[in-house]
$ cat entry-v4.pdb   # PDB, C-alpha atoms
ATOM      1  CA  MET A 765      -3.080-129.717  15.743  1.00  0.00           C
ATOM      2  CA  SER A 766      -2.600-125.944  15.558  1.00  0.00           C
ATOM      3  CA  LEU A 767       0.385-123.971  14.336  1.00  0.00           C
ATOM      4  CA  THR A 768       0.517-120.181  14.533  1.00  0.00           C
ATOM      5  CA  PHE A 769       3.341-118.137  13.032  1.00  0.00           C
ATOM      6  CA  TYR A 770       4.088-114.609  14.236  1.00  0.00           C
ATOM      7  CA  THR A 771       6.174-112.549  11.868  1.00  0.00           C
ATOM      8  CA  ASN A 772       6.875-109.381   9.947  1.00  0.00           C
ATOM      9  CA  PRO A 773       7.988-109.488   6.298  1.00  0.00           C
ATOM     10  CA  MET A 774      11.008-107.304   7.123  1.00  0.00           C
ATOM     11  CA  SER A 775      12.480-109.604   9.746  1.00  0.00           C
ATOM     12  CA  ARG A 776      14.203-112.914  10.321  1.00  0.00           C
ATOM     13  CA  GLY A 777      10.691-114.266  10.138  1.00  0.00           C
ATOM     14  CA  ARG A 778      11.444-114.807   6.459  1.00  0.00           C
ATOM     15  CA  ILE A 779      13.709-117.669   7.520  1.00  0.00           C
ATOM     16  CA  ALA A 780      10.988-119.294   9.614  1.00  0.00           C
ATOM     17  CA  ARG A 781       8.454-118.783   6.803  1.00  0.00           C
ATOM     18  CA  TRP A 782      10.735-120.613   4.387  1.00  0.00           C
ATOM     19  CA  MET A 783      11.142-123.452   6.876  1.00  0.00           C
ATOM     20  CA  LEU A 784       7.381-123.692   7.351  1.00  0.00           C
ATOM     21  CA  GLU A 785       6.861-123.888   3.596  1.00  0.00           C
ATOM     22  CA  GLU A 786       9.467-126.646   3.318  1.00  0.00           C
ATOM     23  CA  THR A 787       7.618-128.722   5.927  1.00  0.00           C
ATOM     24  CA  GLY A 788       4.344-128.542   4.008  1.00  0.00           C
ATOM     25  CA  ALA A 789       2.501-128.038   7.308  1.00  0.00           C
ATOM     26  CA  ALA A 790      -0.676-125.969   7.531  1.00  0.00           C
ATOM     27  CA  TYR A 791      -0.225-122.841   9.637  1.00  0.00           C
ATOM     28  CA  GLU A 792      -1.847-119.521  10.453  1.00  0.00           C
ATOM     29  CA  THR A 793       0.148-116.331   9.951  1.00  0.00           C
ATOM     30  CA  ARG A 794      -0.188-113.369  12.287  1.00  0.00           C
ATOM     31  CA  TYR A 795       1.715-110.330  11.099  1.00  0.00           C
ATOM     32  CA  LEU A 796       2.915-107.807  13.648  1.00  0.00           C
ATOM     33  CA  ARG A 797       4.151-104.286  12.982  1.00  0.00           C
ATOM     34  CA  TYR A 798       7.233-103.024  14.742  1.00  0.00           C
ATOM     35  CA  GLY A 799       6.496-100.896  17.790  1.00  0.00           C
ATOM     36  CA  PRO A 800       3.303-101.175  19.853  1.00  0.00           C
ATOM     37  CA  GLU A 801       2.036-104.373  18.205  1.00  0.00           C
ATOM     38  CA  MET A 802       5.185-106.321  19.078  1.00  0.00           C
ATOM     39  CA  SER A 803       5.170-104.810  22.564  1.00  0.00           C
ATOM     40  CA  SER A 804       1.532-105.598  23.289  1.00  0.00           C
ATOM     41  CA  ALA A 805       0.663-107.634  26.350  1.00  0.00           C
ATOM     42  CA  ASP A 806      -0.727-110.434  24.174  1.00  0.00           C
ATOM     43  CA  TYR A 807       2.446-110.826  22.150  1.00  0.00           C
ATOM     44  CA  THR A 808       4.795-110.286  25.098  1.00  0.00           C
ATOM     45  CA  ALA A 809       3.114-113.327  26.641  1.00  0.00           C
ATOM     46  CA  VAL A 810       4.268-115.279  23.591  1.00  0.00           C
ATOM     47  CA  ASN A 811       7.749-113.778  23.337  1.00  0.00           C
ATOM     48  CA  PRO A 812       8.958-111.531  26.158  1.00  0.00           C
ATOM     49  CA  MET A 813      11.795-110.391  23.875  1.00  0.00           C
ATOM     50  CA  ARG A 814       9.097-108.543  21.876  1.00  0.00           C
ATOM     51  CA  LYS A 815      10.477-109.601  18.536  1.00  0.00           C
ATOM     52  CA  VAL A 816       9.562-111.937  15.713  1.00  0.00           C
ATOM     53  CA  PRO A 817       9.508-114.662  14.612  1.00  0.00           C
ATOM     54  CA  ALA A 818       7.789-117.001  16.988  1.00  0.00           C
ATOM     55  CA  ILE A 819       5.644-120.064  16.521  1.00  0.00           C
ATOM     56  CA  VAL A 820       3.070-121.658  18.784  1.00  0.00           C
ATOM     57  CA  HIS A 821       2.566-125.335  17.990  1.00  0.00           C
ATOM     58  CA  ASP A 822      -0.158-127.075  19.952  1.00  0.00           C
ATOM     59  CA  GLY A 823       0.407-124.661  22.807  1.00  0.00           C
ATOM     60  CA  LYS A 824       4.209-124.925  22.748  1.00  0.00           C
ATOM     61  CA  VAL A 825       6.096-121.680  22.065  1.00  0.00           C
ATOM     62  CA  VAL A 826       9.316-121.658  20.083  1.00  0.00           C
ATOM     63  CA  THR A 827      11.330-118.502  19.413  1.00  0.00           C
ATOM     64  CA  GLU A 828      14.737-117.848  17.784  1.00  0.00           C
ATOM     65  CA  CYS A 829      15.090-118.801  14.138  1.00  0.00           C
ATOM     66  CA  ALA A 830      17.604-121.584  14.578  1.00  0.00           C
ATOM     67  CA  ALA A 831      15.452-123.180  17.279  1.00  0.00           C
ATOM     68  CA  ILE A 832      12.358-122.858  15.077  1.00  0.00           C
ATOM     69  CA  CYS A 833      14.134-124.586  12.189  1.00  0.00           C
ATOM     70  CA  LEU A 834      15.389-127.407  14.407  1.00  0.00           C
ATOM     71  CA  TYR A 835      12.005-127.804  16.064  1.00  0.00           C
ATOM     72  CA  LEU A 836       9.996-127.885  12.845  1.00  0.00           C
ATOM     73  CA  ALA A 837      12.334-130.428  11.274  1.00  0.00           C
ATOM     74  CA  ASP A 838      11.637-132.763  14.191  1.00  0.00           C
ATOM     75  CA  ALA A 839       7.937-131.913  14.524  1.00  0.00           C
ATOM     76  CA  PHE A 840       7.268-132.755  10.875  1.00  0.00           C
ATOM     77  CA  PRO A 841       9.545-135.715  10.130  1.00  0.00           C
ATOM     78  CA  LYS A 842       7.764-136.615   6.889  1.00  0.00           C
ATOM     79  CA  ALA A 843       9.329-133.536   5.316  1.00  0.00           C
ATOM     80  CA  ASP A 844      12.728-135.219   5.852  1.00  0.00           C
ATOM     81  CA  LEU A 845      14.554-131.999   6.743  1.00  0.00           C
ATOM     82  CA  ALA A 846      16.864-133.392   9.419  1.00  0.00           C
ATOM     83  CA  PRO A 847      19.499-136.129   9.119  1.00  0.00           C
ATOM     84  CA  PRO A 848      19.247-139.315  11.191  1.00  0.00           C
ATOM     85  CA  LEU A 849      20.189-138.925  14.851  1.00  0.00           C
ATOM     86  CA  ASP A 850      23.531-140.671  14.367  1.00  0.00           C
ATOM     87  CA  ALA A 851      24.463-138.298  11.521  1.00  0.00           C
ATOM     88  CA  ARG A 852      23.750-134.933  13.136  1.00  0.00           C
ATOM     89  CA  ALA A 853      27.214-133.777  14.175  1.00  0.00           C
ATOM     90  CA  ASP A 854      27.659-131.325  11.282  1.00  0.00           C
ATOM     91  CA  TYR A 855      23.972-130.448  11.367  1.00  0.00           C
ATOM     92  CA  TYR A 856      24.139-129.170  14.947  1.00  0.00           C
ATOM     93  CA  ARG A 857      27.648-127.795  14.603  1.00  0.00           C
ATOM     94  CA  TRP A 858      26.914-125.485  11.659  1.00  0.00           C
ATOM     95  CA  MET A 859      23.397-124.555  12.758  1.00  0.00           C
ATOM     96  CA  LEU A 860      24.717-123.211  16.045  1.00  0.00           C
ATOM     97  CA  PHE A 861      27.820-121.746  14.425  1.00  0.00           C
ATOM     98  CA  ALA A 862      25.530-119.667  12.192  1.00  0.00           C
ATOM     99  CA  ALA A 863      23.304-118.676  15.121  1.00  0.00           C
ATOM    100  CA  GLY A 864      26.220-117.890  17.418  1.00  0.00           C
ATOM    101  CA  PRO A 865      29.650-116.902  16.080  1.00  0.00           C
ATOM    102  CA  TRP A 866      28.528-115.840  12.614  1.00  0.00           C
ATOM    103  CA  GLU A 867      25.511-113.864  13.821  1.00  0.00           C
ATOM    104  CA  ALA A 868      27.634-112.042  16.402  1.00  0.00           C
ATOM    105  CA  ALA A 869      30.566-111.404  14.077  1.00  0.00           C
ATOM    106  CA  SER A 870      28.442-110.145  11.181  1.00  0.00           C
ATOM    107  CA  THR A 871      26.317-107.939  13.452  1.00  0.00           C
ATOM    108  CA  ASN A 872      29.403-106.361  14.993  1.00  0.00           C
ATOM    109  CA  ARG A 873      30.874-105.789  11.548  1.00  0.00           C
ATOM    110  CA  SER A 874      27.686-104.057  10.347  1.00  0.00           C
ATOM    111  CA  LEU A 875      27.774-101.818  13.455  1.00  0.00           C
ATOM    112  CA  ASN A 876      31.477-101.021  12.943  1.00  0.00           C
ATOM    113  CA  VAL A 877      32.322-102.684  16.240  1.00  0.00           C
ATOM    114  CA  GLU A 878      35.947-103.755  16.168  1.00  0.00           C
ATOM    115  CA  VAL A 879      37.233-106.276  18.685  1.00  0.00           C
ATOM    116  CA  SER A 880      40.873-105.864  19.691  1.00  0.00           C
ATOM    117  CA  PRO A 881      43.222-108.859  19.522  1.00  0.00           C
ATOM    118  CA  GLU A 882      43.592-108.644  23.294  1.00  0.00           C
ATOM    119  CA  THR A 883      39.846-109.112  23.866  1.00  0.00           C
ATOM    120  CA  SER A 884      39.057-111.426  20.944  1.00  0.00           C
ATOM    121  CA  GLY A 885      38.829-114.432  23.249  1.00  0.00           C
ATOM    122  CA  MET A 886      35.925-112.850  25.102  1.00  0.00           C
ATOM    123  CA  VAL A 887      33.534-112.524  22.145  1.00  0.00           C
ATOM    124  CA  GLY A 888      33.279-116.187  21.215  1.00  0.00           C
ATOM    125  CA  TYR A 889      34.087-115.760  17.529  1.00  0.00           C
ATOM    126  CA  GLY A 890      37.650-114.483  17.764  1.00  0.00           C
ATOM    127  CA  ASP A 891      37.611-112.072  14.853  1.00  0.00           C
ATOM    128  CA  PHE A 892      35.491-111.482  11.764  1.00  0.00           C
ATOM    129  CA  ASP A 893      37.937-112.843   9.188  1.00  0.00           C
ATOM    130  CA  ARG A 894      38.400-116.108  11.074  1.00  0.00           C
ATOM    131  CA  THR A 895      34.629-116.536  11.339  1.00  0.00           C
ATOM    132  CA  LEU A 896      34.086-115.732   7.661  1.00  0.00           C
ATOM    133  CA  ASP A 897      36.744-118.248   6.634  1.00  0.00           C
ATOM    134  CA  ALA A 898      35.038-120.915   8.736  1.00  0.00           C
ATOM    135  CA  LEU A 899      31.656-120.169   7.186  1.00  0.00           C
ATOM    136  CA  LEU A 900      33.021-120.221   3.636  1.00  0.00           C
ATOM    137  CA  SER A 901      34.693-123.564   4.310  1.00  0.00           C
ATOM    138  CA  ALA A 902      31.221-125.089   4.758  1.00  0.00           C
ATOM    139  CA  VAL A 903      29.786-123.853   1.440  1.00  0.00           C
ATOM    140  CA  PRO A 904      29.654-126.866  -0.898  1.00  0.00           C
ATOM    141  CA  ASP A 905      30.828-127.017  -4.488  1.00  0.00           C
ATOM    142  CA  GLU A 906      27.632-128.896  -5.301  1.00  0.00           C
ATOM    143  CA  GLY A 907      24.567-130.097  -3.465  1.00  0.00           C
ATOM    144  CA  TYR A 908      23.841-128.755  -0.017  1.00  0.00           C
ATOM    145  CA  LEU A 909      25.590-128.088   3.290  1.00  0.00           C
ATOM    146  CA  LEU A 910      25.291-131.692   4.480  1.00  0.00           C
ATOM    147  CA  GLY A 911      25.829-133.309   1.098  1.00  0.00           C
ATOM    148  CA  PRO A 912      23.387-134.129  -1.705  1.00  0.00           C
ATOM    149  CA  LYS A 913      20.326-133.786   0.522  1.00  0.00           C
ATOM    150  CA  PHE A 914      18.652-130.467   1.434  1.00  0.00           C
ATOM    151  CA  SER A 915      18.010-129.924   5.157  1.00  0.00           C
ATOM    152  CA  ALA A 916      16.883-127.377   7.725  1.00  0.00           C
ATOM    153  CA  LEU A 917      20.524-126.321   7.951  1.00  0.00           C
ATOM    154  CA  ASP A 918      20.285-124.981   4.407  1.00  0.00           C
ATOM    155  CA  VAL A 919      17.241-122.941   5.394  1.00  0.00           C
ATOM    156  CA  TYR A 920      18.953-121.283   8.355  1.00  0.00           C
ATOM    157  CA  MET A 921      22.605-121.060   7.415  1.00  0.00           C
ATOM    158  CA  GLY A 922      21.714-120.623   3.753  1.00  0.00           C
ATOM    159  CA  SER A 923      19.620-117.589   4.686  1.00  0.00           C
ATOM    160  CA  GLN A 924      22.562-116.162   6.610  1.00  0.00           C
ATOM    161  CA  ILE A 925      24.794-116.673   3.575  1.00  0.00           C
ATOM    162  CA  SER A 926      22.202-115.077   1.311  1.00  0.00           C
ATOM    163  CA  TRP A 927      21.872-111.977   3.479  1.00  0.00           C
ATOM    164  CA  GLY A 928      25.616-111.691   3.963  1.00  0.00           C
ATOM    165  CA  SER A 929      26.134-111.889   0.224  1.00  0.00           C
ATOM    166  CA  GLN A 930      23.409-109.300  -0.365  1.00  0.00           C
ATOM    167  CA  PHE A 931      24.788-106.802   2.154  1.00  0.00           C
ATOM    168  CA  GLY A 932      28.479-107.298   1.481  1.00  0.00           C
ATOM    169  CA  SER A 933      29.748-109.230   4.498  1.00  0.00           C
ATOM    170  CA  ILE A 934      30.184-112.418   2.431  1.00  0.00           C
ATOM    171  CA  PRO A 935      31.999-112.305  -0.925  1.00  0.00           C
ATOM    172  CA  LYS A 936      29.958-113.287  -3.974  1.00  0.00           C
ATOM    173  CA  THR A 937      32.237-116.061  -5.121  1.00  0.00           C
ATOM    174  CA  LEU A 938      31.132-118.433  -7.879  1.00  0.00           C
ATOM    175  CA  ARG A 939      30.709-121.178  -5.280  1.00  0.00           C
ATOM    176  CA  VAL A 940      28.532-118.986  -3.040  1.00  0.00           C
ATOM    177  CA  GLU A 941      26.393-117.778  -5.924  1.00  0.00           C
ATOM    178  CA  ALA A 942      25.887-121.298  -7.300  1.00  0.00           C
ATOM    179  CA  TYR A 943      24.868-122.552  -3.854  1.00  0.00           C
ATOM    180  CA  LEU A 944      22.380-119.704  -3.421  1.00  0.00           C
ATOM    181  CA  GLU A 945      20.910-120.363  -6.863  1.00  0.00           C
ATOM    182  CA  ARG A 946      20.206-123.937  -5.817  1.00  0.00           C
ATOM    183  CA  LEU A 947      18.466-122.756  -2.662  1.00  0.00           C
ATOM    184  CA  GLN A 948      16.444-120.016  -4.296  1.00  0.00           C
ATOM    185  CA  SER A 949      15.108-122.324  -6.991  1.00  0.00           C
ATOM    186  CA  ARG A 950      13.334-124.457  -4.419  1.00  0.00           C
ATOM    187  CA  ARG A 951       9.561-124.316  -4.416  1.00  0.00           C
ATOM    188  CA  GLY A 952       9.442-123.690  -0.660  1.00  0.00           C
ATOM    189  CA  TYR A 953      11.755-120.695  -0.951  1.00  0.00           C
ATOM    190  CA  ILE A 954       9.802-119.231  -3.867  1.00  0.00           C
ATOM    191  CA  ARG A 955       6.452-119.661  -2.125  1.00  0.00           C
ATOM    192  CA  ALA A 956       7.742-118.150   1.136  1.00  0.00           C
ATOM    193  CA  SER A 957       9.207-115.158  -0.713  1.00  0.00           C
ATOM    194  CA  GLU A 958       5.960-114.572  -2.579  1.00  0.00           C
ATOM    195  CA  LEU A 959       3.954-114.527   0.655  1.00  0.00           C
ATOM    196  CA  ASP A 960       6.275-112.160   2.484  1.00  0.00           C
ATOM    197  CA  ASP A 961       6.790-109.892  -0.517  1.00  0.00           C
ATOM    198  CA  ALA A 962       3.016-109.567  -0.877  1.00  0.00           C
ATOM    199  CA  ALA A 963       2.736-108.547   2.781  1.00  0.00           C
ATOM    200  CA  MET A 964       5.306-105.781   2.462  1.00  0.00           C
ATOM    201  CA  ALA A 965       2.781-103.194   1.275  1.00  0.00           C
ATOM    202  CA  THR A 966       0.796-103.553   4.495  1.00  0.00           C
ATOM    203  CA  TYR A 967       3.382-104.560   7.072  1.00  0.00           C
ATOM    204  CA  GLY A 968       6.591-103.164   5.618  1.00  0.00           C
ATOM    205  CA  PRO A 969       8.076 -99.742   6.391  1.00  0.00           C
ATOM    206  CA  ALA A 970       5.211 -97.872   4.729  1.00  0.00           C
ATOM    207  CA  GLY A 971       2.547 -99.917   6.511  1.00  0.00           C
TER     208      GLY A 971
END
$ encode --input "entry-v4.pdb" --output "structure tokens"
Amino acid sequence: MSLTFYTNPMSRGRIARWMLEETGAAYETRYLRYGPEMSSADYTAVNPMRKVPAIVHDGKVVTECAAICLYLADAFPKADLAPPLDARADYYRWMLFAAGPWEAASTNRSLNVEVSPETSGMVGYGDFDRTLDALLSAVPDEGYLLGPKFSALDVYMGSQISWGSQFGSIPKTLRVEAYLERLQSRRGYIRASELDDAAMATYGPAG
């Protein structure tokens, strides 16, 4: 079995790194700098979008953070990061909500792109406030997004909540902050952060 992880410490690769650490799987990291390295012929063969992260697991390529989280949860079932098949409605619903409506709404907000009420039906998320309210409705008072048990959903959507809170698109309510404290105290999160933070000197903006 081989598992190769392509990333940059200043990218959404931090989400995939956290997920990898939660699985406990052995993997090889290949850091890529923005620019020519991500646009090289070798890496374009892995991901024609020329962006990170990506994983190659026994010859199978997976890109897009949400897909990587879903894939790794199934590829390494002993880590117990996905609910049983008959209990995955909320798991899929919120994973793809975070990857779709929330990602689009928060990106547009950061770019100062305003969608008019007349065209709101075309963008898939309606408007930012509606999407934010939906996201906040999923944040638990205790435990994790699916209940008392941590899952891959907490890695992906929890990362989105963390970044939104950090950059101001999500309010730092007591409930949000308590949820993020639970996530960030996990050993997998701490280990992943240590690895990526250590790589910043070489592969970050000054690299």
$ closest_residue --input "entry-v4.pdb" --among "A:Arg955, A:Arg852, A:Arg894, A:Lys842" --to "Arg781 (chain A)" --atoms "all atoms listed in the file"
A:Arg955
$ closest_residue --input "entry-v4.pdb" --among "A:Phe931, A:Phe914, A:Tyr795, A:Tyr953" --to "Ser870 (chain A)" --atoms "all atoms listed in the file"
A:Phe931
$ closest_residue --input "entry-v4.pdb" --among "A:Met802, A:Ala962, A:Cys829, A:Leu767" --to "Ala780 (chain A)" --atoms "only C-alpha atoms"
A:Cys829
$ resolve_selection --input "entry-v4.pdb" --expression "the PyMOL selection byres ((chain A and resi 891) around 12)" --output "list in words"
Pro865, Trp866, Ala868, Ala869, Ser870, Asn872, Arg873, Val877, Glu878, Val879, Ser880, Pro881, Glu882, Thr883, Ser884, Gly885, Met886, Val887, Gly888, Tyr889, Gly890, Phe892, Asp893, Arg894, Thr895, Leu896, Asp897 and Ala898 of chain A
$ write_last_selection --input "entry-v4.pdb" --atoms "C-alpha atoms" --output "PDB file, keeping the file's coordinate frame"
ATOM      1  CA  PRO A 865      29.650-116.902  16.080  1.00  0.00           C
ATOM      2  CA  TRP A 866      28.528-115.840  12.614  1.00  0.00           C
ATOM      3  CA  ALA A 868      27.634-112.042  16.402  1.00  0.00           C
ATOM      4  CA  ALA A 869      30.566-111.404  14.077  1.00  0.00           C
ATOM      5  CA  SER A 870      28.442-110.145  11.181  1.00  0.00           C
ATOM      6  CA  ASN A 872      29.403-106.361  14.993  1.00  0.00           C
ATOM      7  CA  ARG A 873      30.874-105.789  11.548  1.00  0.00           C
ATOM      8  CA  VAL A 877      32.322-102.684  16.240  1.00  0.00           C
ATOM      9  CA  GLU A 878      35.947-103.755  16.168  1.00  0.00           C
ATOM     10  CA  VAL A 879      37.233-106.276  18.685  1.00  0.00           C
ATOM     11  CA  SER A 880      40.873-105.864  19.691  1.00  0.00           C
ATOM     12  CA  PRO A 881      43.222-108.859  19.522  1.00  0.00           C
ATOM     13  CA  GLU A 882      43.592-108.644  23.294  1.00  0.00           C
ATOM     14  CA  THR A 883      39.846-109.112  23.866  1.00  0.00           C
ATOM     15  CA  SER A 884      39.057-111.426  20.944  1.00  0.00           C
ATOM     16  CA  GLY A 885      38.829-114.432  23.249  1.00  0.00           C
ATOM     17  CA  MET A 886      35.925-112.850  25.102  1.00  0.00           C
ATOM     18  CA  VAL A 887      33.534-112.524  22.145  1.00  0.00           C
ATOM     19  CA  GLY A 888      33.279-116.187  21.215  1.00  0.00           C
ATOM     20  CA  TYR A 889      34.087-115.760  17.529  1.00  0.00           C
ATOM     21  CA  GLY A 890      37.650-114.483  17.764  1.00  0.00           C
ATOM     22  CA  PHE A 892      35.491-111.482  11.764  1.00  0.00           C
ATOM     23  CA  ASP A 893      37.937-112.843   9.188  1.00  0.00           C
ATOM     24  CA  ARG A 894      38.400-116.108  11.074  1.00  0.00           C
ATOM     25  CA  THR A 895      34.629-116.536  11.339  1.00  0.00           C
ATOM     26  CA  LEU A 896      34.086-115.732   7.661  1.00  0.00           C
ATOM     27  CA  ASP A 897      36.744-118.248   6.634  1.00  0.00           C
ATOM     28  CA  ALA A 898      35.038-120.915   8.736  1.00  0.00           C
TER      29      ALA A 898
END
$ resolve_selection --input "entry-v4.pdb" --expression "the PyMOL selection byres ((chain A and resi 789) around 12)" --output "VMD selection string"
chain A and resid 765 to 769 781 to 788 790 to 792 821 836 to 837 839 to 843 952
$ residues_around --input "entry-v4.pdb" --residues "region 854-862 of chain A" --least-positions-apart "2" --cutoff "12 Å" --atoms "all atoms listed in the file" --output "ChimeraX atom specification"
/A:828-834,837,845-852,864-871,888-889,895-896,898-903,908-911,913-925,928
$ closest_residue --input "entry-v4.pdb" --among "A:Arg950, A:Val816, A:Asp905, A:Glu958" --to "Thr937 (chain A)" --atoms "all atoms listed in the file"
A:Asp905
$ axis_aligned_box --input "entry-v4.pdb" --around "region 865-873 of chain A" --padding-each-side "8 Å" --output "JSON"
{"center_x": 28.2, "center_y": -111.3, "center_z": 13.8, "size_x": 21.4, "size_y": 27.1, "size_z": 21.2}
$ residues_near_point --input "entry-v4.pdb" --point "(6.5, -105.0, 4.4)" --cutoff "12 Å" --atoms "all atoms listed in the file" --output "NGL selection string"
:A and (771-775 or 777-778 or 795-798 or 957-971)
$ write_last_selection --input "entry-v4.pdb" --atoms "C-alpha atoms" --output "PDB file, in the frame of the given file"
ATOM      1  CA  THR A 771       6.174-112.549  11.868  1.00  0.00           C
ATOM      2  CA  ASN A 772       6.875-109.381   9.947  1.00  0.00           C
ATOM      3  CA  PRO A 773       7.988-109.488   6.298  1.00  0.00           C
ATOM      4  CA  MET A 774      11.008-107.304   7.123  1.00  0.00           C
ATOM      5  CA  SER A 775      12.480-109.604   9.746  1.00  0.00           C
ATOM      6  CA  GLY A 777      10.691-114.266  10.138  1.00  0.00           C
ATOM      7  CA  ARG A 778      11.444-114.807   6.459  1.00  0.00           C
ATOM      8  CA  TYR A 795       1.715-110.330  11.099  1.00  0.00           C
ATOM      9  CA  LEU A 796       2.915-107.807  13.648  1.00  0.00           C
ATOM     10  CA  ARG A 797       4.151-104.286  12.982  1.00  0.00           C
ATOM     11  CA  TYR A 798       7.233-103.024  14.742  1.00  0.00           C
ATOM     12  CA  SER A 957       9.207-115.158  -0.713  1.00  0.00           C
ATOM     13  CA  GLU A 958       5.960-114.572  -2.579  1.00  0.00           C
ATOM     14  CA  LEU A 959       3.954-114.527   0.655  1.00  0.00           C
ATOM     15  CA  ASP A 960       6.275-112.160   2.484  1.00  0.00           C
ATOM     16  CA  ASP A 961       6.790-109.892  -0.517  1.00  0.00           C
ATOM     17  CA  ALA A 962       3.016-109.567  -0.877  1.00  0.00           C
ATOM     18  CA  ALA A 963       2.736-108.547   2.781  1.00  0.00           C
ATOM     19  CA  MET A 964       5.306-105.781   2.462  1.00  0.00           C
ATOM     20  CA  ALA A 965       2.781-103.194   1.275  1.00  0.00           C
ATOM     21  CA  THR A 966       0.796-103.553   4.495  1.00  0.00           C
ATOM     22  CA  TYR A 967       3.382-104.560   7.072  1.00  0.00           C
ATOM     23  CA  GLY A 968       6.591-103.164   5.618  1.00  0.00           C
ATOM     24  CA  PRO A 969       8.076 -99.742   6.391  1.00  0.00           C
ATOM     25  CA  ALA A 970       5.211 -97.872   4.729  1.00  0.00           C
ATOM     26  CA  GLY A 971       2.547 -99.917   6.511  1.00  0.00           C
TER      27      GLY A 971
END
$ atom_distance --input "entry-v4.pdb" --atom1 "CA of Tyr943 (chain A)" --atom2 "CA of Tyr835 (chain A)"
24.3 Å
